[in-house]
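Dropping data.pdb in here (PDB, C-alpha atoms, pLDDT in the B column):
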```pdb
ATOM      1  CA  MET T   1       0.000   0.000   0.000  1.00 91.00           C
ATOM      2  CA  ARG T   2       1.228   3.525  -0.756  1.00 96.00           C
ATOM      3  CA  ASN T   3       1.397   6.401   1.727  1.00 97.00           C
ATOM      4  CA  LYS T   4      -1.356   8.316  -0.076  1.00 97.00           C
ATOM      5  CA  ASP T   5      -3.622   5.275   0.341  1.00 97.00           C
ATOM      6  CA  VAL T   6      -2.920   5.198   4.092  1.00 98.00           C
ATOM      7  CA  ILE T   7      -3.777   8.916   4.363  1.00 98.00           C
ATOM      8  CA  SER T   8      -6.995   8.332   2.420  1.00 97.00           C
ATOM      9  CA  ALA T   9      -7.946   5.389   4.639  1.00 98.00           C
ATOM     10  CA  PHE T  10      -7.280   7.515   7.745  1.00 98.00           C
ATOM     11  CA  ALA T  11      -9.482  10.297   6.370  1.00 96.00           C
ATOM     12  CA  TRP T  12     -12.291   7.737   5.969  1.00 96.00           C
ATOM     13  CA  GLY T  13     -11.697   6.166   9.398  1.00 97.00           C
ATOM     14  CA  LYS T  14     -10.312   2.858   8.109  1.00 97.00           C
ATOM     15  CA  ARG T  15      -7.246   0.796   9.014  1.00 98.00           C
ATOM     16  CA  ALA T  16      -4.255   0.789   6.662  1.00 98.00           C
ATOM     17  CA  ALA T  17      -0.477   0.524   6.700  1.00 97.00           C
ATOM     18  CA  ALA T  18       2.515   1.205   4.518  1.00 96.00           C
ATOM     19  CA  GLU T  19       6.157   0.715   5.448  1.00 92.00           C
ATOM     20  CA  ASN T  20       6.499   3.623   7.912  1.00 95.00           C
ATOM     21  CA  LEU T  21       2.996   5.081   7.990  1.00 97.00           C
ATOM     22  CA  GLN T  22      -0.002   3.391   9.599  1.00 97.00           C
ATOM     23  CA  THR T  23      -3.477   4.091  10.899  1.00 97.00           C
ATOM     24  CA  ASP T  24      -6.082   2.301  12.952  1.00 96.00           C
ATOM     25  CA  GLY T  25      -8.718   4.662  11.543  1.00 96.00           C
ATOM     26  CA  ARG T  26      -8.589   6.995  14.576  1.00 96.00           C
ATOM     27  CA  SER T  27      -4.871   7.830  14.841  1.00 96.00           C
ATOM     28  CA  LEU T  28      -2.118   8.206  12.254  1.00 97.00           C
ATOM     29  CA  TRP T  29       1.502   7.283  13.024  1.00 97.00           C
ATOM     30  CA  SER T  30       4.733   8.062  11.221  1.00 96.00           C
ATOM     31  CA  TYR T  31       7.101   5.384  12.483  1.00 95.00           C
ATOM     32  CA  ASN T  32       6.091   5.319  16.196  1.00 91.00           C
ATOM     33  CA  LEU T  33       5.110   8.994  16.417  1.00 94.00           C
ATOM     34  CA  LYS T  34       1.416   9.852  16.462  1.00 96.00           C
ATOM     35  CA  ILE T  35       1.032  12.715  13.967  1.00 96.00           C
ATOM     36  CA  ALA T  36      -2.750  12.964  13.577  1.00 97.00           C
ATOM     37  CA  GLN T  37      -6.006  12.151  15.353  1.00 96.00           C
ATOM     38  CA  ARG T  38      -9.611  11.912  14.196  1.00 95.00           C
ATOM     39  CA  THR T  39     -12.042  13.660  16.545  1.00 94.00           C
ATOM     40  CA  ASP T  40     -15.761  14.399  16.447  1.00 93.00           C
ATOM     41  CA  GLU T  41     -14.844  17.844  15.096  1.00 93.00           C
ATOM     42  CA  GLY T  42     -12.545  16.541  12.333  1.00 96.00           C
ATOM     43  CA  ILE T  43      -8.930  15.622  11.713  1.00 97.00           C
ATOM     44  CA  VAL T  44      -6.242  17.231  13.892  1.00 97.00           C
ATOM     45  CA  VAL T  45      -2.606  17.111  12.738  1.00 97.00           C
ATOM     46  CA  GLY T  46       0.453  17.867  14.849  1.00 96.00           C
ATOM     47  CA  ASP T  47       2.959  19.958  12.895  1.00 96.00           C
ATOM     48  CA  PHE T  48       5.980  17.716  13.489  1.00 94.00           C
ATOM     49  CA  THR T  49       8.144  19.589  10.961  1.00 90.00           C
ATOM     50  CA  ALA T  50      11.047  22.044  11.165  1.00 87.00           C
ATOM     51  CA  PRO T  51       8.741  25.073  10.711  1.00 83.00           C
ATOM     52  CA  GLY T  52       6.406  23.588  13.326  1.00 76.00           C
ATOM     53  CA  GLY T  53       9.287  23.491  15.802  1.00 78.00           C
ATOM     54  CA  ASP T  54       9.581  19.714  16.310  1.00 81.00           C
ATOM     55  CA  PHE T  55      11.462  18.132  13.394  1.00 80.00           C
ATOM     56  CA  HIS T  56      11.816  14.341  13.549  1.00 85.00           C
ATOM     57  CA  SER T  57      12.871  13.273  10.051  1.00 89.00           C
ATOM     58  CA  MET T  58      12.356  14.171   6.412  1.00 93.00           C
ATOM     59  CA  THR T  59      10.064  11.172   6.050  1.00 95.00           C
ATOM     60  CA  THR T  60       7.907  12.207   9.009  1.00 95.00           C
ATOM     61  CA  SER T  61       7.768  15.749   7.622  1.00 96.00           C
ATOM     62  CA  LYS T  62       6.492  14.334   4.314  1.00 97.00           C
ATOM     63  CA  HIS T  63       3.881  12.268   6.167  1.00 98.00           C
ATOM     64  CA  VAL T  64       2.772  15.360   8.122  1.00 97.00           C
ATOM     65  CA  GLY T  65       2.548  17.364   4.900  1.00 97.00           C
ATOM     66  CA  MET T  66       0.289  14.722   3.359  1.00 97.00           C
ATOM     67  CA  ALA T  67      -1.881  14.577   6.479  1.00 98.00           C
ATOM     68  CA  LYS T  68      -2.208  18.382   6.583  1.00 97.00           C
ATOM     69  CA  ARG T  69      -4.112  18.233   3.276  1.00 97.00           C
ATOM     70  CA  GLU T  70      -6.884  16.333   5.095  1.00 96.00           C
ATOM     71  CA  ALA T  71      -6.706  18.367   8.319  1.00 97.00           C
ATOM     72  CA  HIS T  72      -9.420  20.493   9.845  1.00 96.00           C
ATOM     73  CA  THR T  73      -6.957  21.727  12.496  1.00 97.00           C
ATOM     74  CA  ILE T  74      -3.148  21.921  12.578  1.00 97.00           C
ATOM     75  CA  MET T  75      -1.585  22.188  16.037  1.00 96.00           C
ATOM     76  CA  LEU T  76       1.813  22.962  17.456  1.00 95.00           C
ATOM     77  CA  PRO T  77       3.463  19.656  18.365  1.00 94.00           C
ATOM     78  CA  GLU T  78       3.558  20.408  22.104  1.00 93.00           C
ATOM     79  CA  LEU T  79      -0.197  20.964  22.290  1.00 93.00           C
ATOM     80  CA  PHE T  80      -0.977  18.016  20.028  1.00 94.00           C
ATOM     81  CA  THR T  81       1.145  15.691  22.181  1.00 92.00           C
ATOM     82  CA  GLU T  82      -0.451  16.999  25.377  1.00 91.00           C
ATOM     83  CA  LEU T  83      -3.984  16.491  24.058  1.00 92.00           C
ATOM     84  CA  PHE T  84      -3.602  13.252  22.133  1.00 90.00           C
ATOM     85  CA  THR T  85      -1.000  11.149  23.915  1.00 81.00           C
ATOM     86  CA  ASP T  86      -2.589   7.830  24.772  1.00 69.00           C
ATOM     87  CA  MET T  87      -2.839   7.459  28.515  1.00 52.00           C
ATOM     88  CA  PRO T  88      -1.807   4.126  30.077  1.00 48.00           C
ATOM     89  CA  PHE T  89      -5.073   3.871  32.028  1.00 41.00           C
TER      90      PHE T  89
END
```

Show me this structure written as structure tokens.
Amino acid sequence: MRNKDVISAFAWGKRAAAENLQTDGRSLWSYNLKIAQRTDEGIVVGDFTAPGGDFHSMTTSKHVGMAKREAHTIMLPELFTELFTDMPF
């Protein structure tokens, strides 16, 4: 499966995976970093890029850029992580 297919599946709330990009239909991960979340209000993307202030890799930046095209909201990485980190309980 190609990355664009994973992004499309995420936008429709379906599971999909490519080599370094995967979704369970609710969350989107680049490698092991959650970069987007589906909410009742729409898709929220964390701006894990150099301009966003939290660069991880060129590949993750490409994944974020693709996800941004589907986003309703783009957040600073710190806020995104605070709001959407899965709690262990």

Measure the distance from CA of Thr60 in chain T to CA of Glu41 in chain T in Å and round it to one decimal. 24.2 Å

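Atom to atom, CA of Gly42 in chain T and CA of Ala71 in chain T stand 7.3 Å apart.
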
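Minimum atom-to-atom distance to Phe48 in chain T, evaluated using all atoms listed in the file, belongs to T:Thr81 out of T:Thr81, T:Thr73, T:Asn3, T:Gln22.
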
Between T:Thr85, T:Trp29, T:Glu78, T:Asp47, which one has atoms that come closest to Ser61 in chain T, using only C-alpha atoms? T:Asp47

Can you translate the PyMOL selection byres ((chain T and resi 72) around 12) into the concrete residues it hits in this file, as a list of chain:residue names? T:Ala11, T:Ala36, T:Gln37, T:Arg38, T:Thr39, T:Asp40, T:Glu41, T:Gly42, T:Ile43, T:Val44, T:Val45, T:Gly46, T:Ala67, T:Lys68, T:Arg69, T:Glu70, T:Ala71, T:Thr73, T:Ile74, T:Met75

Go ahead and compute the interatomic distance for CA of Asp54 in chain T and CA of Phe80 in chain T, in Å to one decimal. 11.3 Å

Under the PyMOL selection byres ((chain T and resi 16) around 10), which residues of this model are included? Write them out as a count of residues only. 20

Using all atoms listed in the file for the distances, tell me which of T:His63, T:Leu83, T:Ala50, T:Ser57 is nearest to Ser30 in chain T. T:His63

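Minimum distance to Gly53 in chain T across T:Trp12, T:Pro77, T:Glu19, T:Lys4 (counting all atoms listed in the file) occurs at T:Pro77.
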
May I ask which of the residues T:Leu33, T:Leu79, T:Met66, T:Ser27 is the closest one to Gly52 in chain T, counting all atoms listed in the file? T:Leu79
